[in-house]
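Source file: final-v8.cif; contents: mmCIF, C-alpha atoms and all ligand atoms.
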```cif
data_protein
loop_
_atom_site.label_atom_id
_atom_site.label_comp_id
_atom_site.auth_asym_id
_atom_site.auth_seq_id
_atom_site.Cartn_x
_atom_site.Cartn_y
_atom_site.Cartn_z
CA MET E 13 -128.42 -77.60 -109.62
CA SER E 14 -125.33 -77.86 -107.45
CA PRO E 15 -125.60 -79.89 -104.26
CA ILE E 16 -126.00 -78.01 -100.99
CA THR E 17 -122.93 -78.80 -98.89
CA ALA E 18 -122.39 -78.34 -95.16
CA ALA E 19 -119.68 -75.77 -96.00
CA ALA E 20 -122.13 -73.77 -98.14
CA ILE E 21 -124.71 -73.83 -95.35
CA ASP E 22 -122.06 -72.67 -92.89
CA GLU E 23 -121.09 -69.88 -95.28
CA THR E 24 -124.73 -68.78 -95.70
CA THR E 25 -125.28 -68.86 -91.93
CA ALA E 26 -122.13 -66.80 -91.38
CA ASP E 27 -123.30 -64.28 -94.02
CA GLN E 28 -126.69 -64.01 -92.32
CA THR E 29 -125.07 -63.56 -88.92
CA ARG E 30 -122.82 -60.80 -90.32
CA LEU E 31 -125.83 -59.17 -91.96
CA ARG E 32 -127.85 -59.31 -88.71
CA ALA E 33 -124.90 -57.88 -86.78
CA SER E 34 -124.44 -54.99 -89.21
CA VAL E 35 -128.20 -54.29 -89.25
CA SER E 36 -128.39 -54.10 -85.48
CA HIS E 37 -125.16 -52.08 -85.39
CA SER E 38 -126.48 -49.54 -87.91
CA GLN E 39 -129.88 -49.49 -86.20
CA ARG E 40 -128.25 -48.66 -82.89
CA LEU E 41 -126.31 -45.81 -84.48
CA LEU E 42 -129.42 -44.58 -86.29
CA ALA E 43 -131.47 -44.69 -83.08
CA ARG E 44 -128.80 -42.63 -81.32
CA PHE E 45 -128.67 -40.17 -84.23
CA ARG E 46 -132.45 -39.74 -84.19
CA GLN E 47 -132.61 -39.40 -80.41
CA VAL E 48 -130.06 -36.58 -80.31
CA ARG E 49 -131.50 -34.78 -83.35
CA ASP E 50 -135.02 -35.02 -81.87
CA PHE E 51 -133.85 -33.63 -78.54
CA THR E 52 -132.58 -30.49 -80.32
CA THR E 53 -136.03 -30.04 -81.85
CA HIS E 54 -137.63 -30.68 -78.46
CA LEU E 55 -135.53 -27.90 -76.88
CA CYS E 56 -137.01 -25.43 -79.40
CA GLU E 57 -140.63 -26.52 -79.05
CA GLU E 58 -141.77 -23.59 -76.94
CA LEU E 59 -139.83 -20.94 -78.87
CA GLU E 60 -141.56 -18.63 -81.33
CA PRO E 61 -140.00 -18.04 -84.76
CA GLU E 62 -139.20 -14.46 -83.67
CA ASP E 63 -137.09 -15.83 -80.78
CA CYS E 64 -135.06 -17.99 -83.16
CA VAL E 65 -133.56 -15.27 -85.35
CA VAL E 66 -132.04 -12.82 -82.84
CA GLN E 67 -128.27 -12.51 -82.34
CA SER E 68 -127.78 -10.53 -79.13
CA MET E 69 -123.96 -10.32 -79.33
CA PRO E 70 -121.24 -11.72 -81.65
CA ASP E 71 -120.68 -14.76 -79.38
CA VAL E 72 -124.35 -15.69 -79.58
CA SER E 73 -125.80 -17.44 -82.61
CA PRO E 74 -129.52 -17.39 -83.41
CA THR E 75 -131.37 -20.65 -82.61
CA LYS E 76 -132.13 -20.99 -86.32
CA TRP E 77 -128.42 -20.92 -87.12
CA HIS E 78 -127.71 -23.74 -84.60
CA LEU E 79 -130.50 -25.82 -86.17
CA ALA E 80 -129.03 -25.31 -89.63
CA HIS E 81 -125.32 -25.52 -88.80
CA THR E 82 -125.59 -28.91 -87.03
CA THR E 83 -127.47 -30.14 -90.13
CA TRP E 84 -124.79 -28.71 -92.44
CA PHE E 85 -122.22 -30.73 -90.46
CA PHE E 86 -123.88 -34.05 -91.40
CA GLU E 87 -124.48 -32.88 -94.96
CA THR E 88 -120.89 -31.75 -95.48
CA PHE E 89 -118.89 -34.40 -93.69
CA VAL E 90 -121.14 -37.45 -94.27
CA LEU E 91 -123.55 -37.08 -97.20
CA LYS E 92 -121.26 -35.25 -99.62
CA LYS E 93 -118.62 -37.91 -99.08
CA TRP E 94 -120.56 -41.15 -98.76
CA THR E 95 -123.86 -40.72 -100.59
CA PRO E 96 -123.27 -41.22 -104.31
CA ARG E 97 -125.11 -38.72 -106.45
CA TYR E 98 -126.04 -36.56 -103.44
CA ARG E 99 -126.69 -33.02 -104.63
CA PRO E 100 -127.49 -30.29 -102.10
CA GLU E 101 -130.90 -28.78 -102.71
CA ILE E 102 -129.61 -25.30 -101.81
CA PRO E 103 -125.81 -25.20 -102.32
CA GLN E 104 -125.56 -21.69 -100.79
CA TYR E 105 -126.31 -23.15 -97.33
CA ALA E 106 -122.71 -24.37 -97.33
CA TYR E 107 -121.56 -20.73 -97.15
CA LEU E 108 -124.24 -19.63 -94.69
CA PHE E 109 -123.92 -22.49 -92.19
CA ASN E 110 -120.20 -23.28 -92.15
CA SER E 111 -118.93 -22.00 -88.81
CA TYR E 112 -115.13 -21.94 -88.86
CA TYR E 113 -113.89 -24.82 -91.08
CA ASN E 114 -111.58 -23.09 -93.57
CA ALA E 115 -110.85 -26.38 -95.32
CA ALA E 116 -114.60 -26.77 -96.01
CA GLY E 117 -114.79 -23.48 -97.94
CA ASP E 118 -115.71 -19.83 -97.39
CA MET E 119 -118.17 -18.84 -94.69
CA HIS E 120 -120.51 -16.06 -93.72
CA ARG E 121 -119.41 -13.63 -91.00
CA ARG E 122 -120.15 -14.91 -87.52
CA ASP E 123 -121.20 -11.53 -86.12
CA LEU E 124 -123.76 -11.06 -88.89
CA ARG E 125 -125.71 -14.28 -88.38
CA GLY E 126 -128.61 -12.36 -86.83
CA LEU E 127 -129.19 -10.44 -90.08
CA ILE E 128 -130.17 -13.54 -92.03
CA SER E 129 -133.95 -13.71 -92.30
CA ARG E 130 -133.93 -16.43 -95.02
CA PRO E 131 -134.09 -19.38 -94.87
CA THR E 132 -136.99 -18.98 -92.47
CA VAL E 133 -137.25 -21.06 -89.31
CA GLU E 134 -139.75 -23.29 -91.08
CA GLU E 135 -137.43 -23.78 -94.07
CA THR E 136 -134.61 -24.57 -91.66
CA HIS E 137 -136.70 -27.32 -90.07
CA ARG E 138 -137.40 -28.67 -93.58
CA TYR E 139 -133.63 -28.66 -94.27
CA ARG E 140 -133.12 -30.66 -91.06
CA SER E 141 -135.79 -33.22 -92.01
CA SER E 142 -134.39 -33.64 -95.50
CA ILE E 143 -130.82 -34.27 -94.29
CA ASP E 144 -132.13 -36.59 -91.55
CA SER E 145 -133.88 -38.77 -94.10
CA TYR E 146 -130.72 -38.98 -96.24
CA ILE E 147 -128.74 -40.08 -93.15
CA ASP E 148 -131.54 -42.52 -92.35
CA ASN E 149 -131.26 -44.08 -95.83
CA LEU E 150 -127.48 -44.16 -95.73
CA LEU E 151 -127.37 -45.90 -92.34
CA SER E 152 -130.23 -48.26 -93.08
CA GLY E 153 -128.46 -49.61 -96.16
CA ALA E 154 -124.91 -49.58 -94.78
CA ASP E 155 -122.88 -52.79 -94.68
CA GLU E 156 -120.16 -53.35 -92.07
CA LYS E 157 -117.44 -51.86 -94.29
CA LEU E 158 -119.33 -48.62 -94.92
CA LEU E 159 -120.42 -48.50 -91.30
CA ALA E 160 -116.80 -48.74 -90.15
CA GLU E 161 -116.00 -45.69 -92.28
CA ILE E 162 -118.96 -43.48 -91.42
CA GLU E 163 -119.55 -44.36 -87.78
CA PRO E 164 -116.70 -42.18 -86.40
CA ILE E 165 -117.96 -39.15 -88.38
CA ILE E 166 -121.65 -39.72 -87.48
CA THR E 167 -120.60 -40.09 -83.84
CA LEU E 168 -118.60 -36.86 -84.06
CA GLY E 169 -121.67 -35.19 -85.62
CA ILE E 170 -123.87 -36.46 -82.78
CA ASN E 171 -121.46 -35.07 -80.18
CA HIS E 172 -121.19 -31.84 -82.15
CA GLU E 173 -125.00 -31.59 -82.08
CA GLN E 174 -124.96 -32.03 -78.29
CA GLN E 175 -122.43 -29.22 -77.94
CA HIS E 176 -124.73 -27.01 -79.97
CA GLN E 177 -127.71 -27.99 -77.79
CA GLU E 178 -125.83 -26.43 -74.88
CA LEU E 179 -124.92 -23.34 -76.92
CA LEU E 180 -128.50 -23.06 -78.15
CA LEU E 181 -129.64 -22.86 -74.51
CA THR E 182 -127.00 -20.39 -73.32
CA ASP E 183 -127.52 -18.30 -76.46
CA ILE E 184 -131.32 -18.15 -76.15
CA LYS E 185 -130.87 -17.20 -72.49
CA HIS E 186 -128.75 -14.24 -73.58
CA VAL E 187 -131.30 -13.33 -76.26
CA LEU E 188 -134.28 -13.45 -73.87
CA ALA E 189 -132.28 -11.47 -71.28
CA GLN E 190 -132.23 -8.47 -73.65
CA ASN E 191 -136.01 -8.23 -73.43
CA PRO E 192 -137.26 -6.14 -70.45
CA LEU E 193 -140.33 -8.41 -70.33
CA TYR E 194 -137.96 -11.29 -69.42
CA PRO E 195 -139.72 -14.02 -71.40
CA VAL E 196 -139.67 -17.51 -69.91
CA PHE E 197 -137.92 -20.19 -71.96
CA ARG E 198 -139.45 -23.05 -69.98
CA GLU E 199 -141.58 -22.86 -66.82
CA ARG E 200 -139.78 -24.19 -63.80
CA LYS E 201 -140.62 -27.74 -62.74
CA GLY E 202 -141.81 -27.77 -59.13
CA ASP E 203 -141.46 -25.03 -56.53
CA LEU E 204 -138.16 -23.40 -55.75
CA GLU E 205 -136.87 -24.98 -52.56
CA THR E 206 -134.93 -22.74 -50.26
CA SER E 207 -132.41 -25.07 -48.76
CA LYS E 208 -129.33 -24.70 -46.63
CA VAL E 209 -126.18 -26.27 -48.03
CA SER E 210 -123.48 -27.82 -45.89
CA PRO E 211 -120.23 -25.91 -45.49
CA GLN E 212 -117.48 -26.70 -48.00
CA ASP E 213 -115.25 -29.52 -46.95
CA PHE E 214 -111.81 -30.04 -48.50
CA VAL E 215 -110.91 -33.53 -49.68
CA GLU E 216 -107.16 -34.31 -49.56
CA PHE E 217 -105.22 -35.96 -52.37
CA GLU E 218 -101.65 -37.20 -51.85
CA GLU E 219 -98.92 -36.47 -54.38
CA THR E 220 -98.96 -39.00 -57.18
CA THR E 221 -98.23 -39.54 -60.84
CA VAL E 222 -101.43 -40.16 -62.75
CA GLN E 223 -102.43 -40.96 -66.31
CA ILE E 224 -104.18 -37.95 -67.82
CA GLY E 225 -106.34 -38.09 -70.94
CA HIS E 226 -108.73 -40.47 -72.63
CA ASP E 227 -107.90 -44.18 -72.74
CA GLY E 228 -109.42 -44.77 -76.20
CA ASN E 229 -112.45 -46.73 -74.96
CA GLY E 230 -115.46 -45.10 -76.62
CA PHE E 231 -115.76 -41.65 -78.11
CA SER E 232 -113.58 -38.71 -77.14
CA TYR E 233 -112.42 -35.50 -78.81
CA ASP E 234 -108.87 -35.32 -80.10
CA ASN E 235 -107.96 -32.69 -77.47
CA GLU E 236 -108.39 -35.34 -74.70
CA GLY E 237 -105.28 -37.17 -75.89
CA PRO E 238 -102.68 -38.47 -76.07
CA ARG E 239 -103.00 -40.07 -72.66
CA HIS E 240 -99.84 -39.30 -70.74
CA PRO E 241 -98.41 -39.35 -67.21
CA ALA E 242 -98.51 -36.19 -65.10
CA LEU E 243 -97.25 -35.42 -61.60
CA VAL E 244 -100.04 -34.11 -59.37
CA PRO E 245 -98.62 -32.74 -56.11
CA HIS E 246 -100.48 -32.93 -52.76
CA PHE E 247 -103.64 -30.78 -52.90
CA SER E 248 -107.18 -30.62 -51.59
CA LEU E 249 -110.38 -30.00 -53.51
CA ALA E 250 -113.65 -28.48 -52.26
CA SER E 251 -116.48 -30.95 -51.73
CA ARG E 252 -118.94 -28.81 -53.71
CA VAL E 253 -119.06 -25.74 -55.91
CA VAL E 254 -119.31 -22.17 -54.59
CA THR E 255 -122.83 -20.93 -53.85
CA ASN E 256 -124.54 -17.62 -54.57
CA GLY E 257 -124.52 -16.95 -50.81
CA GLU E 258 -120.74 -17.34 -50.63
CA TYR E 259 -120.29 -15.20 -53.72
CA LEU E 260 -122.51 -12.51 -52.17
CA GLU E 261 -120.12 -12.39 -49.21
CA PHE E 262 -117.28 -11.69 -51.65
CA MET E 263 -119.35 -8.93 -53.27
CA GLU E 264 -120.27 -7.44 -49.89
CA ALA E 265 -116.60 -7.49 -48.88
CA GLY E 266 -115.93 -5.17 -51.85
CA GLY E 267 -114.73 -7.96 -54.12
CA TYR E 268 -115.42 -5.98 -57.28
CA THR E 269 -113.72 -2.80 -56.01
CA ARG E 270 -110.50 -4.21 -54.52
CA PRO E 271 -107.74 -4.69 -57.11
CA GLU E 272 -105.64 -6.88 -54.79
CA PHE E 273 -107.78 -9.93 -55.64
CA TRP E 274 -107.66 -9.52 -59.40
CA LEU E 275 -105.36 -10.42 -62.26
CA SER E 276 -104.29 -7.27 -64.09
CA LEU E 277 -106.31 -8.16 -67.19
CA GLY E 278 -109.25 -9.08 -64.95
CA TRP E 279 -109.11 -5.75 -63.15
CA THR E 280 -109.04 -3.90 -66.49
CA THR E 281 -112.05 -5.93 -67.62
CA VAL E 282 -114.02 -5.29 -64.41
CA ASN E 283 -113.51 -1.58 -64.84
CA GLU E 284 -114.11 -1.42 -68.56
CA GLN E 285 -117.23 -3.59 -68.37
CA ARG E 286 -118.33 -2.09 -65.03
CA TRP E 287 -118.98 -5.56 -63.61
CA GLN E 288 -120.48 -5.53 -60.12
CA ALA E 289 -122.02 -9.00 -60.06
CA PRO E 290 -122.29 -12.16 -62.18
CA LEU E 291 -123.96 -11.86 -65.57
CA TYR E 292 -127.80 -11.78 -65.36
CA TRP E 293 -127.82 -10.38 -61.81
CA MET E 294 -129.72 -7.16 -61.13
CA LYS E 295 -130.39 -5.24 -57.94
CA ARG E 296 -134.03 -4.43 -57.20
CA ASP E 297 -135.03 -2.54 -54.02
CA GLY E 298 -131.75 -3.44 -52.36
CA ALA E 299 -131.96 -7.18 -53.15
CA TRP E 300 -130.23 -9.20 -55.88
CA TRP E 301 -132.33 -10.86 -58.55
CA ASN E 302 -131.21 -12.99 -61.46
CA LEU E 303 -132.54 -14.02 -64.81
CA THR E 304 -132.95 -17.75 -65.34
CA LEU E 305 -134.35 -19.71 -68.27
CA SER E 306 -137.49 -20.01 -66.13
CA GLY E 307 -137.79 -16.27 -65.64
CA PHE E 308 -136.60 -13.46 -63.40
CA ARG E 309 -136.42 -14.31 -59.69
CA SER E 310 -134.53 -13.43 -56.54
CA VAL E 311 -131.06 -14.92 -56.16
CA GLU E 312 -131.28 -18.19 -54.24
CA GLU E 313 -128.28 -18.31 -51.91
CA SER E 314 -127.99 -22.10 -51.82
CA GLU E 315 -127.66 -22.46 -55.61
CA PRO E 316 -124.25 -22.59 -57.28
CA VAL E 317 -123.01 -19.23 -58.51
CA THR E 318 -122.94 -19.21 -62.29
CA HIS E 319 -122.23 -16.94 -65.26
CA VAL E 320 -118.91 -15.84 -63.78
CA SER E 321 -115.77 -15.31 -65.87
CA TYR E 322 -112.38 -16.88 -65.18
CA PHE E 323 -111.34 -13.48 -63.81
CA GLU E 324 -114.17 -13.47 -61.26
CA ALA E 325 -113.56 -17.13 -60.33
CA ASP E 326 -109.87 -16.39 -59.77
CA ALA E 327 -110.59 -13.20 -57.76
CA PHE E 328 -113.12 -15.06 -55.60
CA ALA E 329 -110.56 -17.82 -54.95
CA ASN E 330 -107.92 -15.24 -53.95
CA TRP E 331 -110.35 -13.49 -51.59
CA SER E 332 -111.16 -16.92 -50.05
CA GLY E 333 -107.46 -17.67 -49.47
CA ALA E 334 -107.76 -20.56 -51.91
CA ARG E 335 -107.10 -21.08 -55.62
CA LEU E 336 -108.70 -22.72 -58.64
CA PRO E 337 -107.74 -26.36 -59.32
CA THR E 338 -105.57 -27.35 -62.25
CA GLU E 339 -107.25 -29.49 -64.89
CA PHE E 340 -105.02 -32.42 -63.91
CA GLU E 341 -106.07 -32.15 -60.25
CA TRP E 342 -109.70 -32.05 -61.33
CA GLU E 343 -109.34 -35.06 -63.62
CA HIS E 344 -107.46 -37.06 -60.99
CA ALA E 345 -110.18 -36.32 -58.42
CA ALA E 346 -112.92 -37.29 -60.90
CA THR E 347 -111.34 -40.46 -62.28
CA ASP E 348 -113.37 -42.95 -60.27
CA LEU E 349 -116.56 -40.90 -59.95
CA SER E 350 -119.68 -41.88 -61.84
CA ILE E 351 -121.30 -39.39 -64.20
CA GLU E 352 -124.19 -38.21 -62.04
CA GLY E 353 -125.66 -34.77 -61.56
CA ASN E 354 -128.04 -32.13 -62.83
CA PHE E 355 -127.78 -32.30 -66.63
CA VAL E 356 -129.89 -31.02 -69.51
CA GLU E 357 -132.01 -34.19 -69.35
CA SER E 358 -133.51 -32.97 -66.05
CA GLU E 359 -134.78 -29.93 -68.01
CA GLN E 360 -134.22 -27.64 -65.04
CA PHE E 361 -131.92 -25.48 -67.19
CA HIS E 362 -130.40 -24.03 -64.03
CA PRO E 363 -127.85 -25.27 -61.46
CA GLN E 364 -129.32 -26.82 -58.31
CA ALA E 365 -128.22 -26.57 -54.67
CA SER E 366 -126.01 -29.38 -53.35
CA SER E 367 -127.89 -31.84 -51.19
CA ALA E 368 -124.77 -33.54 -49.77
CA SER E 369 -124.46 -33.50 -46.00
CA ALA E 370 -121.35 -32.30 -44.19
CA HIS E 371 -120.66 -35.86 -43.06
CA ASP E 372 -120.53 -37.25 -46.58
CA ARG E 373 -116.91 -36.15 -47.07
CA HIS E 374 -117.06 -36.76 -50.77
CA LEU E 375 -116.98 -34.65 -53.90
CA ASP E 376 -120.45 -33.46 -54.90
CA GLN E 377 -121.55 -31.66 -58.11
CA MET E 378 -118.41 -32.70 -60.01
CA PHE E 379 -120.62 -33.35 -63.05
CA GLY E 380 -123.47 -31.17 -64.24
CA ASP E 381 -124.76 -27.92 -62.66
CA VAL E 382 -121.87 -25.60 -63.66
CA TRP E 383 -118.69 -25.89 -65.71
CA GLU E 384 -115.78 -25.47 -63.32
CA TRP E 385 -113.04 -23.06 -64.30
CA THR E 386 -109.57 -24.52 -63.88
CA ARG E 387 -106.36 -22.49 -63.72
CA SER E 388 -105.00 -24.51 -66.68
CA GLY E 389 -104.54 -22.75 -69.99
CA TYR E 390 -106.01 -24.66 -72.92
CA ALA E 391 -102.93 -26.21 -74.49
CA PRO E 392 -102.13 -29.41 -76.42
CA TYR E 393 -101.17 -32.50 -74.44
CA PRO E 394 -97.65 -33.83 -75.15
CA GLY E 395 -97.60 -35.44 -78.59
CA TYR E 396 -100.90 -33.90 -79.74
CA ARG E 397 -101.22 -33.15 -83.45
CA ALA E 398 -104.44 -31.96 -85.05
CA ALA E 399 -105.61 -34.28 -87.83
CA PRO E 400 -105.22 -32.99 -91.39
CA GLY E 401 -108.31 -31.64 -93.18
CA ALA E 402 -111.41 -29.77 -92.08
CA LEU E 403 -112.21 -31.94 -89.03
CA GLY E 404 -108.70 -31.29 -87.69
CA GLU E 405 -109.93 -27.71 -87.22
CA TYR E 406 -112.48 -28.88 -84.61
CA ASN E 407 -110.32 -28.25 -81.50
CA GLY E 408 -106.63 -27.76 -82.18
CA LYS E 409 -106.68 -24.28 -83.66
CA PHE E 410 -108.31 -22.83 -80.52
CA MET E 411 -105.42 -23.71 -78.21
CA CYS E 412 -104.49 -20.12 -77.42
CA ASN E 413 -105.70 -17.56 -74.86
CA GLN E 414 -108.39 -19.79 -73.34
CA TYR E 415 -108.84 -21.68 -70.05
CA VAL E 416 -110.00 -25.25 -69.52
CA LEU E 417 -113.33 -25.95 -67.82
CA ARG E 418 -114.35 -29.35 -66.52
CA GLY E 419 -117.41 -31.37 -65.53
CA GLY E 420 -120.30 -30.12 -67.70
CA SER E 421 -123.31 -28.05 -66.70
CA CYS E 422 -127.08 -28.10 -66.37
CA ALA E 423 -127.15 -27.52 -70.15
CA THR E 424 -124.83 -30.46 -70.96
CA SER E 425 -126.12 -33.92 -71.81
CA CYS E 426 -125.15 -36.69 -69.39
CA THR E 427 -124.19 -38.76 -72.44
CA HIS E 428 -121.79 -36.05 -73.62
CA ILE E 429 -119.55 -35.51 -70.60
CA ARG E 430 -116.54 -37.53 -69.41
CA GLN E 431 -113.89 -37.38 -66.71
CA THR E 432 -111.39 -36.39 -69.44
CA TYR E 433 -113.62 -33.84 -71.24
CA ARG E 434 -111.91 -30.48 -71.81
CA ASN E 435 -114.14 -27.50 -72.48
CA PHE E 436 -112.50 -24.12 -73.11
CA PHE E 437 -113.45 -20.45 -73.12
CA PRO E 438 -111.59 -17.14 -73.02
CA PRO E 439 -111.20 -15.75 -69.48
CA GLU E 440 -113.65 -12.86 -69.87
CA LYS E 441 -116.62 -14.90 -71.17
CA ARG E 442 -119.65 -15.23 -68.89
CA TRP E 443 -122.63 -16.39 -70.93
CA GLN E 444 -122.02 -20.12 -70.39
CA PHE E 445 -123.08 -21.88 -67.16
CA THR E 446 -119.64 -21.37 -65.60
CA GLY E 447 -118.93 -21.67 -61.88
CA ILE E 448 -116.27 -22.14 -59.24
CA ARG E 449 -114.76 -25.02 -57.26
CA LEU E 450 -111.93 -24.15 -54.90
CA ALA E 451 -108.68 -25.97 -54.26
CA HIS E 452 -105.93 -25.60 -51.66
CA ASP E 453 -102.24 -26.29 -51.50
CA PRO E 454 -101.17 -28.16 -48.37
CA SER E 455 -100.93 -25.74 -45.44
FE FE E 501 -120.24 -26.26 -84.65
#
```
Could you render the structure from this file as structure tokens?
Amino acid sequence: MSPITAAAIDETTADQTRLRASVSHSQRLLARFRQVRDFTTHLCEELEPEDCVVQSMPDVSPTKWHLAHTTWFFETFVLKKWTPRYRPEIPQYAYLFNSYYNAAGDMHRRDLRGLISRPTVEETHRYRSSIDSYIDNLLSGADEKLLAEIEPIITLGINHEQQHQELLLTDIKHVLAQNPLYPVFRERKGDLETSKVSPQDFVEFEETTVQIGHDGNGFSYDNEGPRHPALVPHFSLASRVVTNGEYLEFMEAGGYTRPEFWLSLGWTTVNEQRWQAPLYWMKRDGAWWNLTLSGFRSVEESEPVTHVSYFEADAFANWSGARLPTEFEWEHAATDLSIEGNFVESEQFHPQASSASAHDRHLDQMFGDVWEWTRSGYAPYPGYRAAPGALGEYNGKFMCNQYVLRGGSCATSCTHIRQTYRNFFPPEKRWQFTGIRLAHDPS
């Protein structure tokens, strides 16, 4: 038997320390994975199977598809690569639940997702559980080297899941809105408080050159970089988002019938779609009502206006004698703000009225409540290149004909949003929780 030396003891202690570190590292990642996956399941708890299969328009995916597609993401980009001898139980799911990753193979047509009755909702939950236990095993047995390789992809999958939680909510809202019985997704917590919000204040920002984009600390999407300098001229930004009451004034002033406020494409859209109000608004006995995830109720004037397109946001800003902020102005204004607001964790599933007082003179509702349309087209930052392979298709290929939105909504997780986060949608889309914050040039 060889003698036990001090060096050997040191070596063993160092090995044990490394092992403990990698175990706690993988446990932390696994805990995060489980927490986010479980929250998706929690969001669906009060839905019936019949709710989960409807596709109410091509933009909307059935709840069941979201449950399966987020699972497919982990199966395709983690298990198939890093779990030796992994064989998919049902290989055809790869075709059914791939969304838009051409490099990952062929895919089913997006607009036909609502025609897929099998797998059933129950089978889809079984698929989720099965993939979750494979990920569980993979992470539980991962050493530091494997962990270093898979952590970025698992983290991307977790963030991807959170994006789909938001889509799941906005999609089920659209589905339930088609039903004249207006089913309730989740009963409202507490009574609706009719409050009066303070008038909008405008916070001034001097001209400056700022660093735009993510600094590389922690997770971000590739579209948030490279970080680069940008000149932001003197501007002012509204202290809160636009309310239903303010938007009603625009409507009552003939906002939807006066072309002078609208972009040409916006005016065409208003007329073709016969828009007269935000999505989910209906007039009953001379009063405006709206559909929320907690049911049909009268429009509360103090709440932020939501479900408006870029075209409506821009027209409202023109009518107000203001404009929408650029994404650089927004990011500059948000740089030092903490991530606080009404997020999906509050389970209100609807934007809430600002409680800031007129004397606060600070920016309220920058995070949560409603995504804020900016006047910035969704384009690559200087030096941006999409990564090669399927995951390079995540963001880059959508940089055309869309506008950037900032700040997150009441359907976004507070652990998913950042000051540098760039969401994007085409200008005519209204089914997300989209709203308006005004900006001004110096007078
Ligand atoms: Fe996706």
Quick one: residues within 9 Å of ligand FE 501 (chain E), with all atoms listed in the file, as a PyMOL selection string? chain E and resi 78+81-82+85+110-112+172-173+175-176+406
Go ahead and write the residues just picked, C-alpha atoms, as a tab-separated table (two decimals), in the frame of the given file.
```tsv
chain	number	residue	atom	x	y	z
E	78	HIS	CA	-127.71	-23.74	-84.60
E	81	HIS	CA	-125.32	-25.52	-88.80
E	82	THR	CA	-125.59	-28.91	-87.03
E	85	PHE	CA	-122.22	-30.73	-90.46
E	110	ASN	CA	-120.20	-23.28	-92.15
E	111	SER	CA	-118.93	-22.00	-88.81
E	112	TYR	CA	-115.13	-21.94	-88.86
E	172	HIS	CA	-121.19	-31.84	-82.15
E	173	GLU	CA	-125.00	-31.59	-82.08
E	175	GLN	CA	-122.43	-29.22	-77.94
E	176	HIS	CA	-124.73	-27.01	-79.97
E	406	TYR	CA	-112.48	-28.88	-84.61
```
9 Å contact set for E:Val66, only C-alpha atoms, chain neighbours under 2 positions out, as a list in words: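 What passes the distance filter is Glu62, Asp63, Cys64, Ser68, Val72, Ser73, Pro74, Thr75, Lys76, Arg125, Gly126, Leu127, Ile184 and Val187 of chain E.
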Polymer residues at most 8 Å from E:Arg442, all atoms listed in the file, same-chain spacing of 6 or more positions, as an NGL selection string: :E and (290-291 or 319-321)
Using all atoms listed in the file, which of the listed residues (E:Glu384, E:Glu163, E:Glu57, E:Asp213) sits closest to E:Pro337?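 Ranking E:Glu384, E:Glu163, E:Glu57, E:Asp213 by distance to E:Pro337, first place goes to E:Glu384.
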Distance of atom CA of E:Arg44 from atom CA of E:Ala402, expressed in Å to one decimal place: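 Those two atoms sit 24.2 Å apart.
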Determine, using only C-alpha atoms, which residues of stretch 302-359 of chain E have any atom at most 12 Å from an atom of stretch 444-452 of chain E, and tabulate each with its shortest atom pair and distance in Å to one decimal place, rows ordered by chain and then rising number, as a tab-separated table.
```
residue	atom	partner	partner_atom	distance
E:Thr304	CA	E:Phe445	CA	10.9
E:Leu305	CA	E:Phe445	CA	11.5
E:Glu315	CA	E:Gly447	CA	10.8
E:Pro316	CA	E:Gly447	CA	7.1
E:Val317	CA	E:Gly447	CA	5.8
E:Thr318	CA	E:Gly447	CA	4.7
E:His319	CA	E:Thr446	CA	5.1
E:Val320	CA	E:Thr446	CA	5.9
E:Ser321	CA	E:Thr446	CA	7.2
E:Tyr322	CA	E:Thr446	CA	8.5
E:Phe323	CA	E:Ile448	CA	11.0
E:Glu324	CA	E:Ile448	CA	9.1
E:Ala325	CA	E:Ile448	CA	5.8
E:Asp326	CA	E:Ile448	CA	8.6
E:Ala327	CA	E:Ile448	CA	10.7
E:Phe328	CA	E:Ile448	CA	8.6
E:Ala329	CA	E:Leu450	CA	6.5
E:Asn330	CA	E:Leu450	CA	9.8
E:Trp331	CA	E:Leu450	CA	11.3
E:Ser332	CA	E:Leu450	CA	8.7
E:Gly333	CA	E:His452	CA	8.4
E:Ala334	CA	E:His452	CA	5.4
E:Arg335	CA	E:Ala451	CA	5.3
E:Leu336	CA	E:Leu450	CA	5.1
E:Pro337	CA	E:Ala451	CA	5.2
E:Thr338	CA	E:Ala451	CA	8.7
E:Glu339	CA	E:Ala451	CA	11.3
E:Glu341	CA	E:Ala451	CA	9.0
E:Trp342	CA	E:Ala451	CA	9.4
E:Ala345	CA	E:Ala451	CA	11.3
E:Phe355	CA	E:Phe445	CA	11.4
E:Val356	CA	E:Phe445	CA	11.6
```
Between atom CA of E:Gly230 and atom CA of E:Pro164, what is the distance, to one decimal in Å?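 That distance, rounded to one decimal, is 10.3 Å.
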So the first atom is atom CA of E:Ser145 and the second is atom CA of E:Arg130; what is the distance between them in Å, to one decimal place?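 Interatomic distance, atom CA of E:Ser145 to atom CA of E:Arg130: 22.4 Å.
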Dig up all the protein and nucleic acid residues within 10 Å of (-115.9, -29.0, -51.0) in the file frame, using all atoms listed in the file, and format them as a list in words. Ser210, Pro211, Gln212, Asp213, Phe214, Val215, Ser248, Leu249, Ala250, Ser251, Arg252, Val253, Val254, Ala370, Arg373, His374, Leu375, Asp376, Gln377, Arg449, Leu450 and Ala451 of chain E
Between E:Leu91, E:Ala391, E:Leu42, E:Leu55, single out the one closest to E:Asn235, counting all atoms listed in the file.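 Of E:Leu91, E:Ala391, E:Leu42, E:Leu55, the one nearest E:Asn235, counting all atoms listed in the file, is E:Ala391.
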